[in-house]
Amino acid sequence: MKTRKILYADEGKILTNGEIYGKQIFLAEGVSEYDFYEITESEYERMLADGEKAE
(Lines give C-alpha, C1' and ligand atoms only; values in the text may rest on other atoms or scores of the structure.)
Protein backbone atom coordinates (compact mmCIF):
# COMPACT_ATOMS: atom_id res chain seq x y z
CA MET A 1 0.00 0.00 0.00
CA LYS A 2 1.28 3.47 -0.89
CA THR A 3 1.09 6.43 1.44
CA ARG A 4 -0.18 9.76 0.11
CA LYS A 5 1.15 13.01 1.59
CA ILE A 6 -1.28 15.80 2.34
CA LEU A 7 -0.11 19.39 2.78
CA TYR A 8 -2.18 21.79 4.87
CA ALA A 9 -1.93 25.58 4.61
CA ASP A 10 -1.73 27.66 7.77
CA GLU A 11 -4.74 29.76 8.76
CA GLY A 12 -5.31 32.59 6.26
CA LYS A 13 -2.92 31.09 3.69
CA ILE A 14 -3.14 29.19 0.40
CA LEU A 15 -0.60 26.63 -0.80
CA THR A 16 0.67 26.89 -4.36
CA ASN A 17 3.38 25.74 -6.71
CA GLY A 18 2.42 28.37 -9.29
CA GLU A 19 -0.08 26.10 -11.06
CA ILE A 20 -1.99 24.35 -8.26
CA TYR A 21 -3.70 26.28 -5.45
CA GLY A 22 -5.47 25.04 -2.34
CA LYS A 23 -5.77 24.93 1.42
CA GLN A 24 -5.13 21.18 1.26
CA ILE A 25 -2.90 19.60 -1.36
CA PHE A 26 -2.99 15.84 -1.90
CA LEU A 27 0.38 15.18 -3.50
CA ALA A 28 0.37 13.06 -6.61
CA GLU A 29 3.14 10.58 -7.20
CA GLY A 30 6.23 12.40 -8.43
CA VAL A 31 5.16 15.81 -7.05
CA SER A 32 7.40 17.20 -4.31
CA GLU A 33 6.19 18.96 -1.20
CA TYR A 34 9.20 21.27 -1.58
CA ASP A 35 7.69 22.79 -4.75
CA PHE A 36 4.83 24.31 -2.71
CA TYR A 37 4.85 27.54 -0.73
CA GLU A 38 2.24 29.63 1.05
CA ILE A 39 0.67 32.89 -0.08
CA THR A 40 -1.95 34.92 1.76
CA GLU A 41 -5.62 34.55 0.88
CA SER A 42 -5.67 38.22 -0.18
CA GLU A 43 -2.78 37.58 -2.61
CA TYR A 44 -4.73 34.65 -4.05
CA GLU A 45 -7.89 36.74 -4.42
CA ARG A 46 -5.88 39.47 -6.21
CA MET A 47 -4.43 36.87 -8.59
CA LEU A 48 -7.96 35.59 -9.36
CA ALA A 49 -9.24 39.13 -9.98
CA ASP A 50 -6.26 39.93 -12.23
CA GLY A 51 -6.89 36.73 -14.20
CA GLU A 52 -10.53 37.66 -14.78
CA LYS A 53 -9.52 41.12 -16.01
CA ALA A 54 -7.09 39.58 -18.51
CA GLU A 55 -9.86 37.48 -20.09
# chains A, B, ... in the order shown; residues from 1 in each chain; ligands from 1

$ residues_around --residues "Glu43 of chain A" --least-positions-apart "6" --cutoff "12 Å" --atoms "only C-alpha atoms" --output "PyMOL selection string"
chain A and resi 12-16+21+49-50

$ select_by_dssp --residues "chain A" --states "strand (DSSP E or B)" --output "PyMOL selection string"
chain A and resi 6-8+13-16+21-22+24-26+37-40

$ select_by_dssp --residues "chain A" --states "helix (DSSP H, G or I)" --output "ChimeraX atom specification"
/A:33-35,41-54

$ write_last_selection --atoms "all heavy atoms" --output "short mmCIF file (atom, residue, chain, number, x, y, z; two decimals), in the first residue's frame"
data_model
loop_
_atom_site.label_atom_id
_atom_site.label_comp_id
_atom_site.auth_asym_id
_atom_site.auth_seq_id
_atom_site.Cartn_x
_atom_site.Cartn_y
_atom_site.Cartn_z
N GLU A 33 6.71 17.99 -2.15
CA GLU A 33 6.19 18.96 -1.20
C GLU A 33 7.04 20.23 -1.19
O GLU A 33 6.56 21.31 -0.84
CB GLU A 33 6.14 18.36 0.20
CG GLU A 33 7.51 18.01 0.76
CD GLU A 33 7.44 17.19 2.01
OE1 GLU A 33 7.33 17.77 3.11
OE2 GLU A 33 7.50 15.95 1.88
N TYR A 34 8.29 20.13 -1.59
CA TYR A 34 9.20 21.27 -1.58
C TYR A 34 8.92 22.26 -2.70
O TYR A 34 9.47 23.36 -2.71
CB TYR A 34 10.65 20.78 -1.63
CG TYR A 34 10.97 19.89 -0.44
CD1 TYR A 34 11.15 18.53 -0.60
CD2 TYR A 34 11.05 20.43 0.85
CE1 TYR A 34 11.42 17.71 0.49
CE2 TYR A 34 11.31 19.62 1.95
CZ TYR A 34 11.50 18.27 1.76
OH TYR A 34 11.74 17.46 2.84
N ASP A 35 8.07 21.88 -3.67
CA ASP A 35 7.69 22.79 -4.75
C ASP A 35 6.59 23.75 -4.32
O ASP A 35 6.31 24.71 -5.02
CB ASP A 35 7.20 21.99 -5.96
CG ASP A 35 8.32 21.18 -6.60
OD1 ASP A 35 9.50 21.55 -6.43
OD2 ASP A 35 8.00 20.17 -7.26
N GLU A 41 -4.34 34.65 1.60
CA GLU A 41 -5.62 34.55 0.88
C GLU A 41 -5.88 35.81 0.06
O GLU A 41 -6.42 35.74 -1.04
CB GLU A 41 -6.76 34.29 1.86
CG GLU A 41 -6.74 32.89 2.42
CD GLU A 41 -7.88 32.60 3.38
OE1 GLU A 41 -8.61 33.53 3.79
OE2 GLU A 41 -8.03 31.43 3.74
N SER A 42 -5.46 36.98 0.57
CA SER A 42 -5.67 38.22 -0.18
C SER A 42 -4.82 38.24 -1.45
O SER A 42 -5.26 38.73 -2.49
CB SER A 42 -5.40 39.46 0.68
OG SER A 42 -4.09 39.46 1.16
N GLU A 43 -3.60 37.69 -1.40
CA GLU A 43 -2.78 37.58 -2.61
C GLU A 43 -3.47 36.69 -3.64
O GLU A 43 -3.48 37.00 -4.83
CB GLU A 43 -1.41 36.98 -2.28
CG GLU A 43 -0.46 37.89 -1.58
CD GLU A 43 0.84 37.19 -1.25
OE1 GLU A 43 0.84 36.37 -0.30
OE2 GLU A 43 1.85 37.45 -1.95
N TYR A 44 -4.02 35.58 -3.17
CA TYR A 44 -4.73 34.65 -4.05
C TYR A 44 -5.95 35.32 -4.68
O TYR A 44 -6.16 35.20 -5.89
CB TYR A 44 -5.13 33.41 -3.26
CG TYR A 44 -5.90 32.40 -4.06
CD1 TYR A 44 -5.32 31.74 -5.13
CD2 TYR A 44 -7.22 32.10 -3.75
CE1 TYR A 44 -6.02 30.81 -5.87
CE2 TYR A 44 -7.93 31.17 -4.49
CZ TYR A 44 -7.32 30.53 -5.54
OH TYR A 44 -8.01 29.60 -6.28
N GLU A 45 -6.72 36.04 -3.89
CA GLU A 45 -7.89 36.74 -4.42
C GLU A 45 -7.49 37.79 -5.47
O GLU A 45 -8.17 37.95 -6.48
CB GLU A 45 -8.67 37.38 -3.27
CG GLU A 45 -9.36 36.35 -2.41
CD GLU A 45 -9.92 36.91 -1.12
OE1 GLU A 45 -9.90 38.15 -0.92
OE2 GLU A 45 -10.37 36.09 -0.28
N ARG A 46 -6.38 38.50 -5.22
CA ARG A 46 -5.88 39.47 -6.21
C ARG A 46 -5.50 38.78 -7.51
O ARG A 46 -5.78 39.27 -8.60
CB ARG A 46 -4.68 40.22 -5.66
CG ARG A 46 -5.00 41.54 -5.02
CD ARG A 46 -3.74 42.38 -4.81
NE ARG A 46 -2.67 41.63 -4.18
CZ ARG A 46 -2.40 41.64 -2.88
NH1 ARG A 46 -3.14 42.35 -2.06
NH2 ARG A 46 -1.41 40.94 -2.40
N MET A 47 -4.84 37.63 -7.40
CA MET A 47 -4.43 36.87 -8.59
C MET A 47 -5.66 36.44 -9.39
O MET A 47 -5.67 36.51 -10.62
CB MET A 47 -3.61 35.65 -8.19
CG MET A 47 -2.26 36.00 -7.62
SD MET A 47 -1.42 34.59 -6.89
CE MET A 47 -1.14 33.58 -8.31
N LEU A 48 -6.71 35.99 -8.69
CA LEU A 48 -7.96 35.59 -9.36
C LEU A 48 -8.59 36.78 -10.07
O LEU A 48 -9.03 36.67 -11.22
CB LEU A 48 -8.95 35.00 -8.37
CG LEU A 48 -8.61 33.62 -7.82
CD1 LEU A 48 -9.66 33.20 -6.80
CD2 LEU A 48 -8.52 32.60 -8.93
N ALA A 49 -8.64 37.93 -9.40
CA ALA A 49 -9.24 39.13 -9.98
C ALA A 49 -8.44 39.59 -11.20
O ALA A 49 -9.01 39.97 -12.21
CB ALA A 49 -9.31 40.24 -8.94
N ASP A 50 -7.11 39.55 -11.11
CA ASP A 50 -6.26 39.93 -12.23
C ASP A 50 -6.47 38.99 -13.42
O ASP A 50 -6.46 39.42 -14.57
CB ASP A 50 -4.79 39.95 -11.84
CG ASP A 50 -4.45 41.09 -10.89
OD1 ASP A 50 -5.27 42.02 -10.74
OD2 ASP A 50 -3.35 41.04 -10.29
N GLY A 51 -6.66 37.71 -13.15
CA GLY A 51 -6.89 36.73 -14.20
C GLY A 51 -8.21 36.97 -14.91
O GLY A 51 -8.31 36.81 -16.12
N GLU A 52 -9.23 37.38 -14.17
CA GLU A 52 -10.53 37.66 -14.78
C GLU A 52 -10.47 38.91 -15.64
O GLU A 52 -11.10 38.99 -16.68
CB GLU A 52 -11.60 37.83 -13.68
CG GLU A 52 -11.94 36.52 -13.00
CD GLU A 52 -12.93 36.69 -11.86
OE1 GLU A 52 -13.40 37.82 -11.63
OE2 GLU A 52 -13.22 35.69 -11.20
N LYS A 53 -9.66 39.89 -15.23
CA LYS A 53 -9.52 41.12 -16.01
C LYS A 53 -8.81 40.85 -17.33
O LYS A 53 -9.10 41.46 -18.33
CB LYS A 53 -8.73 42.16 -15.21
CG LYS A 53 -9.48 42.74 -14.05
CD LYS A 53 -8.61 43.71 -13.27
CE LYS A 53 -9.27 44.13 -11.99
NZ LYS A 53 -8.37 44.96 -11.18
N ALA A 54 -7.87 39.90 -17.31
CA ALA A 54 -7.09 39.58 -18.51
C ALA A 54 -7.95 38.87 -19.57
O ALA A 54 -7.64 38.91 -20.75
CB ALA A 54 -5.89 38.71 -18.14
#

$ residues_around --residues "Ser32 of chain A" --least-positions-apart "5" --cutoff "10 Å" --atoms "only C-alpha atoms" --output "PyMOL selection string"
chain A and resi 5+17+27

$ atom_distance --atom1 "atom CA of Glu38 of chain A" --atom2 "atom CA of Asp10 of chain A"
8.0 Å

$ atom_distance --atom1 "atom CA of Tyr8 of chain A" --atom2 "atom CA of Ile20 of chain A"
13.4 Å

$ residues_around --residues "Leu7 of chain A" --least-positions-apart "4" --cutoff "7 Å" --atoms "only C-alpha atoms" --output "number ranges by chain"
A: 24-26

$ residues_around --residues "Lys2 of chain A" --least-positions-apart "2" --cutoff "12 Å" --atoms "only C-alpha atoms" --output "PyMOL selection string"
chain A and resi 4-5+28-29

$ write_last_selection --atoms "N, CA and C atoms" --output "PDB file, in the first residue's frame"
ATOM      1  N   ARG A   4      -0.034   8.484   0.805  1.00  0.00           N
ATOM      2  CA  ARG A   4      -0.179   9.759   0.112  1.00  0.00           C
ATOM      3  C   ARG A   4       0.052  10.882   1.105  1.00  0.00           C
ATOM      4  N   LYS A   5       0.899  11.858   0.738  1.00  0.00           N
ATOM      5  CA  LYS A   5       1.151  13.012   1.589  1.00  0.00           C
ATOM      6  C   LYS A   5       0.087  14.066   1.337  1.00  0.00           C
ATOM      7  N   ALA A  28       0.345  14.164  -5.659  1.00  0.00           N
ATOM      8  CA  ALA A  28       0.366  13.061  -6.615  1.00  0.00           C
ATOM      9  C   ALA A  28       1.760  12.445  -6.615  1.00  0.00           C
ATOM     10  N   GLU A  29       1.846  11.248  -7.104  1.00  0.00           N
ATOM     11  CA  GLU A  29       3.138  10.582  -7.204  1.00  0.00           C
ATOM     12  C   GLU A  29       4.059  11.404  -8.096  1.00  0.00           C
TER      13      GLU A  29
END
